[in-house]
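So this one's structure.cif, mmCIF, C-alpha atoms:
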```
data_structure
#
loop_
_atom_site.label_atom_id
_atom_site.label_comp_id
_atom_site.auth_asym_id
_atom_site.auth_seq_id
_atom_site.Cartn_x
_atom_site.Cartn_y
_atom_site.Cartn_z
CA MET A 236 0.00 0.00 0.00
CA GLN A 237 1.04 3.57 -0.68
CA THR A 238 2.37 5.98 1.92
CA ASN A 239 -0.31 8.38 3.12
CA ALA A 240 0.47 12.05 2.70
CA GLN A 241 -1.67 12.73 5.76
CA PRO A 242 -0.98 10.04 8.37
CA VAL A 243 -4.00 7.89 9.20
CA VAL A 244 -4.56 6.74 12.80
CA MET A 245 -7.18 4.07 13.43
CA ILE A 246 -8.65 4.00 16.94
CA VAL A 247 -10.77 1.02 17.97
CA ASP A 248 -12.59 0.83 21.30
CA ASP A 249 -16.08 -0.37 22.10
CA GLU A 250 -16.36 2.65 24.40
CA GLU A 251 -17.23 5.65 22.30
CA MET A 252 -15.94 8.06 24.97
CA VAL A 253 -12.39 6.72 24.61
CA ILE A 254 -12.44 7.38 20.86
CA THR A 255 -13.84 10.88 21.39
CA SER A 256 -11.21 11.77 23.99
CA ILE A 257 -8.23 10.53 21.97
CA SER A 258 -9.54 12.06 18.73
CA ALA A 259 -10.10 15.44 20.38
CA TYR A 260 -6.53 15.49 21.65
CA LEU A 261 -5.01 14.36 18.35
CA ARG A 262 -7.09 16.90 16.43
CA LEU A 263 -5.76 19.62 18.70
CA GLU A 264 -2.11 18.64 18.37
CA THR A 265 -1.81 17.09 14.90
CA GLU A 266 -3.08 17.06 11.35
CA TYR A 267 -3.65 13.31 11.36
CA GLN A 268 -6.70 11.72 9.83
CA ILE A 269 -8.44 9.85 12.63
CA ASP A 270 -10.70 6.87 11.94
CA GLY A 271 -12.60 5.76 15.04
CA PHE A 272 -14.46 2.44 15.29
CA THR A 273 -16.54 1.00 18.13
CA ASP A 274 -16.94 -2.25 16.19
CA PRO A 275 -13.66 -4.15 15.69
CA GLN A 276 -15.10 -6.20 12.81
CA GLU A 277 -15.96 -3.03 10.94
CA ALA A 278 -12.41 -1.79 11.60
CA ALA A 279 -11.01 -5.04 10.19
CA ARG A 280 -13.08 -4.57 7.02
CA ARG A 281 -11.74 -1.02 6.64
CA LEU A 282 -8.19 -2.38 6.84
CA GLU A 283 -8.88 -4.52 3.78
CA THR A 284 -9.24 -1.46 1.57
CA ASN A 285 -7.77 1.61 3.26
CA PRO A 286 -4.13 2.05 4.23
CA VAL A 287 -3.49 3.19 7.80
CA ASP A 288 -0.27 4.11 9.55
CA VAL A 289 -1.17 3.08 13.11
CA VAL A 290 -3.86 0.93 14.68
CA VAL A 291 -4.60 1.73 18.34
CA THR A 292 -7.00 -0.79 19.86
CA ASP A 293 -8.61 -1.80 23.13
CA PHE A 294 -8.29 -5.46 24.14
CA LEU A 295 -11.63 -6.57 25.57
CA MET A 296 -14.37 -5.97 23.00
CA PRO A 297 -17.39 -7.99 21.89
CA LYS A 298 -17.19 -10.14 18.74
CA MET A 299 -13.42 -9.70 18.25
CA ASN A 300 -10.72 -8.88 20.78
CA GLY A 301 -7.86 -6.46 20.25
CA VAL A 302 -5.23 -9.14 19.64
CA GLN A 303 -7.43 -10.77 16.98
CA LEU A 304 -7.90 -7.40 15.31
CA LEU A 305 -4.15 -6.71 15.38
CA ALA A 306 -3.46 -10.17 13.94
CA ARG A 307 -5.77 -9.29 11.05
CA SER A 308 -4.08 -5.92 10.68
CA LYS A 309 -0.66 -7.58 10.57
CA GLN A 310 -1.89 -9.88 7.82
CA LEU A 311 -3.45 -7.08 5.74
CA GLN A 312 -1.03 -4.23 6.38
CA PRO A 313 2.15 -5.60 7.95
CA GLU A 314 3.87 -2.20 7.99
CA ALA A 315 1.11 -0.44 9.96
CA ALA A 316 2.23 -0.13 13.60
CA ARG A 317 0.10 -1.96 16.16
CA ILE A 318 -0.64 -0.47 19.58
CA LEU A 319 -2.69 -2.12 22.31
CA LEU A 320 -4.37 0.33 24.73
CA THR A 321 -6.06 -1.70 27.39
CA GLY A 322 -7.84 -1.25 30.70
CA HIS A 323 -6.94 -4.77 31.72
CA ALA A 324 -3.51 -4.87 33.31
CA ASP A 325 -3.34 -8.47 32.25
CA LYS A 326 0.11 -9.97 31.82
CA GLN A 327 -1.20 -12.89 29.79
CA ASN A 328 -2.76 -10.62 27.18
CA ALA A 329 0.40 -8.55 26.99
CA ILE A 330 2.51 -11.65 26.33
CA LEU A 331 0.00 -12.86 23.75
CA ALA A 332 0.05 -9.49 22.01
CA ILE A 333 3.83 -9.27 21.92
CA ASN A 334 4.43 -12.84 20.80
CA GLU A 335 1.59 -13.32 18.37
CA VAL A 336 1.11 -9.99 16.70
CA GLY A 337 4.34 -8.13 17.42
CA VAL A 338 2.79 -5.06 19.03
CA TYR A 339 4.74 -1.86 18.76
CA GLN A 340 3.58 -0.64 22.19
CA TYR A 341 1.42 -1.95 25.02
CA LEU A 342 -0.23 0.94 26.85
CA GLU A 343 -2.59 0.95 29.79
CA LYS A 344 -5.65 3.03 30.57
CA PRO A 345 -5.72 5.63 31.93
CA TRP A 346 -3.21 6.94 29.42
CA ASP A 347 -1.23 10.16 29.39
CA ASN A 348 -2.05 12.24 26.31
CA ALA A 349 1.50 13.50 25.76
CA GLN A 350 2.94 9.98 26.06
CA LEU A 351 0.30 8.55 23.74
CA LEU A 352 1.09 11.24 21.19
CA LEU A 353 4.82 10.47 21.33
CA VAL A 354 4.15 6.78 20.81
CA ILE A 355 1.82 7.46 17.88
CA GLN A 356 4.28 9.92 16.30
CA SER A 357 7.17 7.48 16.42
CA ALA A 358 4.91 4.66 15.24
CA ILE A 359 3.91 6.71 12.17
CA GLU A 360 7.55 7.51 11.47
CA ARG A 361 8.41 3.82 11.63
CA THR A 362 5.51 2.83 9.37
CA GLN A 363 6.43 5.44 6.79
CA LEU A 364 10.09 4.41 6.86
CA PHE A 365 9.05 0.80 6.27
CA ARG A 366 6.88 1.82 3.34
CA GLN A 367 9.64 4.01 1.86
CA LEU A 368 12.11 1.20 2.27
CA ARG A 369 9.80 -1.17 0.43
CA GLU A 370 9.34 1.37 -2.37
CA LYS A 371 13.12 1.82 -2.66
CA ILE A 372 13.65 -1.92 -2.75
CA SER A 373 11.14 -2.33 -5.55
CA GLU A 374 12.74 0.62 -7.40
CA LEU A 375 16.13 -1.09 -7.00
CA ASP A 376 14.61 -4.35 -8.19
CA ALA A 377 13.25 -2.62 -11.27
CA ALA A 378 16.60 -0.87 -11.91
CA HIS A 379 18.43 -4.14 -11.47
CA GLY A 380 16.07 -5.77 -14.00
CA ASN A 381 16.71 -2.94 -16.45
CA LEU A 382 20.46 -3.30 -16.08
CA LYS A 383 20.23 -7.03 -16.65
CA ASP A 384 18.21 -6.35 -19.75
CA ILE A 385 20.74 -3.82 -21.06
CA GLN A 386 23.60 -6.18 -20.32
CA THR A 387 21.90 -8.99 -22.27
CA ARG A 388 21.30 -6.67 -25.23
CA LEU A 389 24.90 -5.41 -25.10
CA LEU A 390 26.22 -8.96 -25.08
CA ARG A 391 23.99 -9.85 -28.01
CA ALA A 392 25.05 -6.75 -29.97
CA PHE A 393 28.81 -7.07 -29.53
CA LEU A 394 29.58 -10.76 -29.09
CA MET B 96 -29.36 -16.93 61.62
CA ALA B 97 -30.78 -15.13 64.65
CA SER B 98 -30.03 -18.11 66.84
CA ALA B 99 -26.64 -18.80 65.25
CA PRO B 100 -23.56 -18.55 67.47
CA ALA B 101 -21.46 -15.37 67.32
CA ASN B 102 -18.71 -16.91 65.16
CA GLU B 103 -21.36 -17.74 62.53
CA SER B 104 -22.00 -14.06 61.97
CA VAL B 105 -18.25 -13.47 61.70
CA VAL B 106 -18.08 -16.15 59.00
CA ALA B 107 -20.98 -14.51 57.20
CA GLU B 108 -19.32 -11.11 57.40
CA VAL B 109 -15.99 -12.46 56.10
CA HIS B 110 -17.82 -14.02 53.20
CA ARG B 111 -19.78 -10.83 52.50
CA MET B 112 -16.53 -8.88 52.28
CA ALA B 113 -14.87 -11.56 50.14
CA SER B 114 -17.71 -11.73 47.64
CA VAL B 115 -17.88 -7.95 47.29
CA GLY B 116 -14.09 -8.06 46.97
CA ARG B 117 -14.44 -10.44 44.05
CA MET B 118 -16.59 -7.79 42.39
CA LEU B 119 -13.83 -5.22 42.80
CA ALA B 120 -11.92 -6.16 39.67
CA ALA B 121 -15.06 -5.59 37.63
CA VAL B 122 -15.80 -2.36 39.51
CA VAL B 123 -12.29 -1.08 38.84
CA HIS B 124 -12.64 -1.91 35.17
CA GLU B 125 -16.01 -0.18 34.97
CA LEU B 126 -14.57 2.96 36.59
CA ASN B 127 -11.37 2.93 34.57
CA THR B 128 -12.85 3.91 31.22
CA PRO B 129 -14.73 7.04 32.33
CA ILE B 130 -11.81 8.08 34.54
CA ALA B 131 -9.30 7.60 31.71
CA SER B 132 -11.54 9.68 29.48
CA LEU B 133 -11.96 12.43 32.08
CA LEU B 134 -8.19 12.60 32.69
CA SER B 135 -7.45 12.83 28.98
CA ASN B 136 -10.14 15.47 28.49
CA SER B 137 -8.80 17.66 31.28
CA GLN B 138 -5.31 17.51 29.73
CA THR B 139 -6.84 18.41 26.37
CA ALA B 140 -8.80 21.28 27.95
CA LEU B 141 -5.61 22.74 29.46
CA ARG B 142 -3.77 22.48 26.15
CA SER B 143 -6.71 24.09 24.39
CA ILE B 144 -6.68 27.02 26.80
CA GLU B 145 -2.94 27.57 26.19
CA LEU B 146 -3.54 27.53 22.46
CA LEU B 147 -6.55 29.83 22.68
CA LYS B 148 -4.57 32.33 24.79
CA ASP B 149 -1.90 32.49 22.08
CA LEU B 150 -4.48 32.79 19.32
CA VAL B 151 -6.39 35.56 21.13
CA ALA B 152 -3.21 37.46 22.12
CA GLY B 153 -1.98 37.26 18.53
CA GLY B 154 -5.40 38.33 17.24
CA ARG B 155 -5.00 35.95 14.35
CA ASP B 156 -6.53 32.84 12.87
CA PRO B 157 -10.10 33.09 14.25
CA ALA B 158 -11.03 29.94 12.25
CA ARG B 159 -8.44 27.93 14.17
CA ALA B 160 -9.74 29.38 17.48
CA MET B 161 -13.28 28.32 16.57
CA ALA B 162 -12.08 24.82 15.71
CA VAL B 163 -10.37 24.55 19.11
CA LEU B 164 -13.56 25.72 20.81
CA ASP B 165 -15.71 23.21 18.89
CA ASN B 166 -13.30 20.48 19.87
CA LEU B 167 -13.64 21.50 23.53
CA ALA B 168 -17.42 21.51 23.26
CA SER B 169 -17.40 17.90 22.02
CA LEU B 170 -15.50 16.95 25.20
CA ALA B 171 -17.98 18.60 27.56
CA ALA B 172 -20.64 16.11 26.46
CA VAL B 173 -18.24 13.19 27.05
CA ASP B 174 -17.33 14.52 30.49
CA GLU B 175 -20.97 14.56 31.52
CA LEU B 176 -21.46 11.00 30.28
CA ALA B 177 -18.30 9.84 32.06
CA CYS B 178 -19.40 11.42 35.36
CA GLU B 179 -22.81 9.77 35.05
CA ARG B 180 -21.10 6.42 34.56
CA VAL B 181 -19.00 6.89 37.71
CA ALA B 182 -22.10 7.97 39.65
CA ALA B 183 -23.99 4.88 38.42
CA VAL B 184 -21.21 2.61 39.71
CA VAL B 185 -21.32 4.31 43.11
CA ARG B 186 -25.12 4.05 43.25
CA SER B 187 -25.10 0.35 42.46
CA LEU B 188 -22.43 -0.42 45.07
CA ARG B 189 -24.32 1.39 47.81
CA PRO B 190 -26.89 -1.35 48.57
CA PHE B 191 -24.04 -3.80 49.18
CA SER B 192 -22.23 -1.53 51.63
CA ARG B 193 -24.86 -2.20 54.27
CA ALA B 194 -24.42 -5.18 56.55
CA GLY B 195 -26.84 -6.91 58.89
CA GLY B 196 -30.19 -5.26 58.60
CA VAL B 197 -33.66 -5.86 59.92
CA ARG B 198 -36.68 -7.64 58.55
CA CYS B 199 -38.93 -5.54 56.43
CA GLN B 200 -41.46 -5.77 53.61
CA THR B 201 -39.36 -6.04 50.46
CA ARG B 202 -39.80 -6.33 46.73
CA ILE B 203 -37.65 -9.31 45.76
CA HIS B 204 -37.31 -7.90 42.25
CA ASP B 205 -35.49 -4.86 43.66
CA LEU B 206 -32.95 -7.13 45.35
CA LEU B 207 -32.47 -9.12 42.15
CA ASP B 208 -32.00 -5.89 40.19
CA ASP B 209 -29.39 -4.64 42.72
CA ALA B 210 -27.41 -7.87 42.32
CA LEU B 211 -27.81 -7.93 38.54
CA LYS B 212 -26.59 -4.34 38.15
CA LEU B 213 -23.41 -5.20 40.00
CA VAL B 214 -22.81 -8.54 38.33
CA GLU B 215 -23.50 -7.34 34.79
CA TRP B 216 -20.07 -5.67 34.72
CA THR B 217 -18.35 -8.93 35.46
CA TYR B 218 -20.38 -10.45 32.64
CA ARG B 219 -19.28 -7.55 30.43
CA ARG B 220 -20.83 -8.24 27.06
CA ARG B 221 -19.92 -11.91 27.25
CA ILE B 222 -23.05 -13.04 29.03
CA ALA B 223 -26.58 -11.94 28.22
CA VAL B 224 -29.04 -11.58 31.08
CA GLN B 225 -32.69 -12.51 30.63
CA ARG B 226 -35.13 -11.23 33.22
CA ASP B 227 -38.30 -13.25 33.32
CA PHE B 228 -40.02 -11.57 36.27
CA GLY B 229 -43.54 -12.70 37.12
CA GLU B 230 -46.14 -11.15 39.40
CA ILE B 231 -44.96 -11.75 42.95
CA PRO B 232 -46.04 -10.18 46.23
CA GLU B 233 -43.75 -8.26 48.58
CA ILE B 234 -42.50 -10.42 51.42
CA GLU B 235 -41.07 -9.78 54.84
CA CYS B 236 -37.40 -10.75 54.78
CA LEU B 237 -33.83 -9.73 55.53
CA PRO B 238 -33.11 -7.77 52.33
CA GLU B 239 -29.33 -7.40 52.86
CA ALA B 240 -28.91 -11.13 53.40
CA LEU B 241 -31.06 -12.12 50.42
CA ARG B 242 -29.35 -9.59 48.14
CA GLN B 243 -26.11 -11.33 49.08
CA VAL B 244 -27.60 -14.74 48.26
CA PHE B 245 -28.68 -13.54 44.82
CA LEU B 246 -25.28 -11.93 44.19
CA ASN B 247 -23.59 -15.22 45.03
CA LEU B 248 -25.80 -17.28 42.78
CA LEU B 249 -25.33 -14.80 39.92
CA VAL B 250 -21.54 -14.66 40.32
CA ASN B 251 -21.46 -18.48 40.33
CA ALA B 252 -23.66 -18.59 37.22
CA GLY B 253 -21.33 -16.20 35.41
CA GLN B 254 -18.23 -18.15 36.44
CA ALA B 255 -19.78 -21.40 35.19
CA ILE B 256 -19.94 -19.96 31.67
CA GLU B 257 -16.77 -20.13 29.63
CA GLY B 258 -16.99 -17.80 26.67
CA GLU B 259 -20.46 -16.62 25.75
CA GLY B 260 -23.73 -17.63 27.33
CA VAL B 261 -26.98 -16.65 28.96
CA VAL B 262 -28.06 -16.21 32.57
CA THR B 263 -31.80 -16.27 33.15
CA VAL B 264 -33.54 -15.02 36.28
CA ARG B 265 -37.11 -16.16 36.60
CA THR B 266 -39.57 -15.34 39.37
CA ARG B 267 -43.04 -16.76 39.97
CA ALA B 268 -45.56 -16.97 42.77
CA GLU B 269 -46.19 -20.66 43.47
CA GLY B 270 -48.91 -21.32 46.03
CA ASP B 271 -47.69 -19.94 49.34
CA CYS B 272 -44.12 -19.44 48.02
CA ILE B 273 -42.10 -17.17 45.79
CA HIS B 274 -39.95 -19.20 43.44
CA ILE B 275 -36.73 -17.60 42.13
CA ALA B 276 -34.82 -19.62 39.55
CA ILE B 277 -31.32 -18.57 38.41
CA SER B 278 -30.13 -20.56 35.38
CA ASP B 279 -26.94 -20.48 33.39
CA THR B 280 -25.85 -22.09 30.15
CA GLY B 281 -22.45 -22.97 31.61
CA LYS B 282 -20.51 -26.14 32.17
CA GLY B 283 -22.88 -27.60 34.75
CA ILE B 284 -22.13 -29.29 38.07
CA ARG B 285 -20.26 -32.58 37.98
CA PRO B 286 -22.20 -35.50 39.55
CA GLU B 287 -19.38 -36.12 42.05
CA ASP B 288 -19.56 -32.50 43.28
CA ARG B 289 -23.31 -32.46 43.83
CA PRO B 290 -23.51 -33.96 47.34
CA ARG B 291 -20.92 -31.47 48.66
CA ILE B 292 -22.07 -28.33 46.91
CA PHE B 293 -23.70 -26.76 49.99
CA SER B 294 -20.85 -27.80 52.31
CA ARG B 295 -18.72 -25.21 53.95
CA GLY B 296 -15.25 -24.92 52.44
CA PHE B 297 -16.17 -26.78 49.26
CA THR B 298 -15.24 -24.96 46.07
CA THR B 299 -14.33 -25.89 42.51
CA LYS B 300 -12.92 -22.44 41.84
CA PRO B 301 -9.19 -21.73 41.64
CA ALA B 302 -7.46 -20.61 44.85
CA GLY B 303 -8.28 -17.00 45.64
CA GLU B 304 -11.49 -16.97 43.62
CA GLY B 305 -13.91 -18.79 45.86
CA THR B 306 -14.27 -18.90 49.64
CA GLY B 307 -16.22 -22.15 49.57
CA LEU B 308 -18.76 -20.42 51.80
CA GLY B 309 -21.17 -18.86 49.31
CA LEU B 310 -23.63 -21.67 48.88
CA ALA B 311 -23.37 -22.81 52.51
CA LEU B 312 -24.29 -19.31 53.65
CA ALA B 313 -26.96 -19.01 50.98
CA ARG B 314 -28.57 -22.14 52.35
CA ASP B 315 -28.37 -20.85 55.95
CA ILE B 316 -29.94 -17.56 54.93
CA VAL B 317 -32.70 -19.07 52.80
CA THR B 318 -33.63 -21.99 55.04
CA GLY B 319 -32.57 -20.84 58.51
CA ALA B 320 -33.50 -17.17 58.38
CA HIS B 321 -36.45 -17.33 55.99
CA GLY B 322 -37.91 -20.82 56.31
CA GLY B 323 -37.42 -21.37 52.58
CA SER B 324 -35.55 -23.90 50.49
CA ILE B 325 -32.68 -23.91 48.03
CA ASP B 326 -31.80 -26.68 45.60
CA PHE B 327 -30.46 -27.12 42.10
CA GLU B 328 -30.62 -29.18 38.96
CA SER B 329 -27.81 -29.58 36.47
CA GLN B 330 -26.69 -31.53 33.46
CA PRO B 331 -22.93 -31.60 32.86
CA GLY B 332 -22.22 -29.35 29.89
CA ALA B 333 -25.78 -28.06 29.82
CA GLY B 334 -25.79 -25.52 32.61
CA ALA B 335 -27.37 -25.40 36.04
CA THR B 336 -30.45 -23.90 37.68
CA PHE B 337 -30.64 -22.90 41.31
CA HIS B 338 -34.13 -22.75 42.80
CA VAL B 339 -34.79 -20.55 45.80
CA ARG B 340 -38.22 -20.79 47.37
CA LEU B 341 -39.30 -18.27 49.99
CA PRO B 342 -42.57 -18.52 51.89
CA ILE B 343 -44.82 -15.50 51.32
CA ALA B 344 -46.08 -15.57 54.89
CA TYR B 345 -43.07 -16.54 57.00
CA ASN B 346 -43.81 -16.79 60.68
CA ARG B 347 -42.81 -13.22 61.38
CA HIS B 348 -43.01 -13.68 65.16
CA ALA B 349 -40.44 -16.42 65.15
CA ASP B 350 -37.60 -14.01 65.83
#
```
Please lay out the structure from this file as structure tokens.
Amino acid sequence: MQTNAQPVVMIVDDEEMVITSISAYLRLETEYQIDGFTDPQEAARRLETNPVDVVVTDFLMPKMNGVQLLARSKQLQPEAARILLTGHADKQNAILAINEVGVYQYLEKPWDNAQLLLVIQSAIERTQLFRQLREKISELDAAHGNLKDIQTRLLRAFL
Amino acid sequence: MASAPANESVVAEVHRMASVGRMLAAVVHELNTPIASLLSNSQTALRSIELLKDLVAGGRDPARAMAVLDNLASLAAVDELACERVAAVVRSLRPFSRAGGVRCQTRIHDLLDDALKLVEWTYRRRIAVQRDFGEIPEIECLPEALRQVFLNLLVNAGQAIEGEGVVTVRTRAEGDCIHIAISDTGKGIRPEDRPRIFSRGFTTKPAGEGTGLGLALARDIVTGAHGGSIDFESQPGAGATFHVRLPIAYNRHAD
């Protein structure tokens, strides 16, 4: 997927008030596009079609938990950074999240706005670097292919 | 219960504290979301004020100032909602903060609602509650003690369900009794556990989760203090139902 000019932050929490609070702060401090979802399944569907830079999700939600959503996100958009923001200080879930879906950060509620912003900023930077790197690699691949092609033609022309 | 020795009431009190304690994790979780939101919003409000001061002092970018104000307004509504949630938690804990109590005319449905309100957080959205309340008369009883009995049965019902399920609370008037049935769609009670289920100290819950006193005390309260009965039926893997029967006209001069 292409790099977004305006970074996209997806926030998923079955509690609407959490989405409103985080969005209000991010709107104040940043120019990010914020996509909030109270339904994790709907969020997973959005990930199929729309590139995001960061997914911030709660853990305990009906229908699909946060680790399941992040696993889906990893599958669909491996570069997008994954952040778990949970009210459950549950070691087991943290281990699961780190081992199974490679979370970028595990944060607990209540969160500190400034800290959350720092984490999201560096996560976006990381995602965009990954995407740039992939673009460069495919450019190099293409250039390499071209060179090979030229070399073959040269060999054919002169030998 | 009135004729029980002094250490019996100590046991009952220890259990009351332990079972409310078990609710604490759910209470903390229920309070955490609105509090997290309120904390974040107050930080956002302070940042907004700083920004607005700069914008006003500079006399520039009124559109940006309006956007900041609109953003703040959206938070005021969330703050009110969050405070209401905290207040609701406090209100629903209040009935359980009273111990002992005296006999009085009571609506059993109110006691069931008190217990359900508290236990529904532990169920989160995992367990659906069905209330099938019939027409039942008020009865004279010890409301604090019965509320505790219902809380215990509901906590047990929730713990019996792994994953998703349903807890049904049914009330009916049956002759000279009120019949309260609490059913779950959980794992059921193993045949070998059935004879010991009302024994003191017997629990199938992991260490730290059960006191092994809940059902023993429930039986004392229902039979001893109210002249009623408590029993259960269960199929392994197909849930359990606890039946509490309370006489409508208990011999109120007995104690």
Would you please work out which residue, of A:Ile330, A:Leu368, A:Val302, A:Leu352, is nearest to chain B when using all atoms listed in the file?
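Among the listed residues, the smallest separation from chain B belongs to A:Leu352.
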Determine, for each residue of chain B having at least one atom at most 8 Å from an atom of chain A, the closest pair of atoms and their separation in Å to one decimal, counting only C-alpha atoms; order by chain and ascending number, as a tab-separated table.
```
residue	atom	partner	partner_atom	distance
B:His124	CA	A:Gly322	CA	6.6
B:Asn127	CA	A:Gly322	CA	6.7
B:Thr128	CA	A:Val253	CA	7.2
B:Pro129	CA	A:Met252	CA	7.5
B:Ile130	CA	A:Pro345	CA	7.1
B:Ala131	CA	A:Pro345	CA	4.1
B:Ser132	CA	A:Val253	CA	5.8
B:Leu134	CA	A:Pro345	CA	7.4
B:Ser135	CA	A:Asn348	CA	6.1
B:Asn136	CA	A:Ser256	CA	5.9
B:Gln138	CA	A:Asn348	CA	7.1
B:Thr139	CA	A:Tyr260	CA	5.6
B:Ser143	CA	A:Leu263	CA	7.3
B:Val163	CA	A:Leu263	CA	6.8
B:Asn166	CA	A:Ala259	CA	6.0
B:Leu167	CA	A:Ala259	CA	7.7
B:Ser169	CA	A:Ala259	CA	7.9
B:Leu170	CA	A:Ser256	CA	6.8
B:Val173	CA	A:Met252	CA	6.0
B:Ala177	CA	A:Met252	CA	7.7
B:Arg220	CA	A:Pro297	CA	6.2
B:Arg221	CA	A:Pro297	CA	7.1
```
Around (7.8, 3.6, 2.8) in the file's frame, which residues reach within 12 Å when counting all atoms listed in the file? Return as number ranges by chain?
A: 236-240, 288, 313-315, 359-374
Residues returned when the PyMOL selection byres ((chain B and resi 329) around 12) runs on this file, as a ChimeraX atom specification:
/B:252,255,277-286,288-289,292,326-328,330-338
Got a sec to resolve the PyMOL selection byres ((chain A and resi 272) around 10) on this structure and send the residues as a list in words?
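After applying the PyMOL selection byres ((chain A and resi 272) around 10), what remains is Met245, Ile246, Val247, Asp248, Asp249, Glu250, Glu251, Ile254, Ile269, Asp270, Gly271, Thr273, Asp274, Pro275, Gln276, Glu277, Ala278, Ala279, Arg281 and Thr292 of chain A.
Comparing B:Asp271, B:Ala121, B:Arg340, B:Ala320 by their smallest distance to Ile203 of chain B, the closest is B:Arg340 (using all atoms listed in the file).
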Distance atom CA of Leu341 of chain B-atom CA of Val224 of chain B, one decimal place?
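Atom CA of Val224 of chain B lies at a distance of 22.5 Å from atom CA of Leu341 of chain B.
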For Ile318 of chain A, find every residue with an atom within 8 Å (counting only C-alpha atoms), except residues of its own chain fewer than 2 positions away, and show them as a list in words.
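After dropping sequence-adjacent residues, the list is Val289, Val290, Val291, Thr292, Ala316, Leu320, Val338, Tyr339, Gln340, Tyr341 and Leu342 of chain A.
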What does the distance between atom CA of Val262 of chain B and atom CA of Leu304 of chain A come to in Å, to one decimal place?
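Rounded to one decimal, the two atoms are 28.0 Å apart.
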To one decimal place in Å, what is the distance between atom CA of Ile256 of chain B and atom CA of Gln225 of chain B?
14.8 Å
Hits of the PyMOL selection byres ((chain B and resi 236) around 7) in this structure, as an mmCIF file with C-alpha atoms, in the frame of the given file:
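The result, stored in expr36.cif:
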```cif
data_model
loop_
_atom_site.group_PDB
_atom_site.id
_atom_site.type_symbol
_atom_site.label_atom_id
_atom_site.label_comp_id
_atom_site.auth_asym_id
_atom_site.auth_seq_id
_atom_site.Cartn_x
_atom_site.Cartn_y
_atom_site.Cartn_z
ATOM 1 C CA ARG B 198 -36.680 -7.640 58.550
ATOM 2 C CA CYS B 199 -38.930 -5.540 56.430
ATOM 3 C CA GLN B 200 -41.460 -5.770 53.610
ATOM 4 C CA THR B 201 -39.360 -6.040 50.460
ATOM 5 C CA ILE B 234 -42.500 -10.420 51.420
ATOM 6 C CA GLU B 235 -41.070 -9.780 54.840
ATOM 7 C CA LEU B 237 -33.830 -9.730 55.530
ATOM 8 C CA PRO B 238 -33.110 -7.770 52.330
ATOM 9 C CA HIS B 321 -36.450 -17.330 55.990
#
```
Using the atoms already present, construct N, CA and C atoms for segment 132-144 of chain B and hand them back as a CSV table (one decimal), in the coordinates of the input.
```csv
chain,number,residue,atom,x,y,z
B,132,SER,N,-11.0,8.7,30.4
B,132,SER,CA,-11.5,9.7,29.5
B,132,SER,C,-11.5,11.1,30.1
B,133,LEU,N,-11.9,11.1,31.4
B,133,LEU,CA,-12.0,12.4,32.1
B,133,LEU,C,-10.6,13.0,32.2
B,134,LEU,N,-9.6,12.1,32.5
B,134,LEU,CA,-8.2,12.6,32.7
B,134,LEU,C,-7.7,13.2,31.4
B,135,SER,N,-7.9,12.4,30.3
B,135,SER,CA,-7.4,12.8,29.0
B,135,SER,C,-8.1,14.2,28.6
B,136,ASN,N,-9.4,14.3,28.9
B,136,ASN,CA,-10.1,15.5,28.5
B,136,ASN,C,-9.6,16.7,29.3
B,137,SER,N,-9.3,16.5,30.5
B,137,SER,CA,-8.8,17.7,31.3
B,137,SER,C,-7.4,18.1,30.8
B,138,GLN,N,-6.6,17.1,30.3
B,138,GLN,CA,-5.3,17.5,29.7
B,138,GLN,C,-5.6,18.3,28.4
B,139,THR,N,-6.5,17.8,27.6
B,139,THR,CA,-6.8,18.4,26.4
B,139,THR,C,-7.4,19.8,26.6
B,140,ALA,N,-8.2,20.0,27.6
B,140,ALA,CA,-8.8,21.3,28.0
B,140,ALA,C,-7.7,22.3,28.3
B,141,LEU,N,-6.7,21.8,29.1
B,141,LEU,CA,-5.6,22.7,29.5
B,141,LEU,C,-4.8,23.1,28.2
B,142,ARG,N,-4.5,22.2,27.4
B,142,ARG,CA,-3.8,22.5,26.2
B,142,ARG,C,-4.6,23.4,25.3
B,143,SER,N,-5.9,23.2,25.2
B,143,SER,CA,-6.7,24.1,24.4
B,143,SER,C,-6.7,25.5,24.9
B,144,ILE,N,-6.7,25.7,26.2
B,144,ILE,CA,-6.7,27.0,26.8
B,144,ILE,C,-5.4,27.7,26.5
```
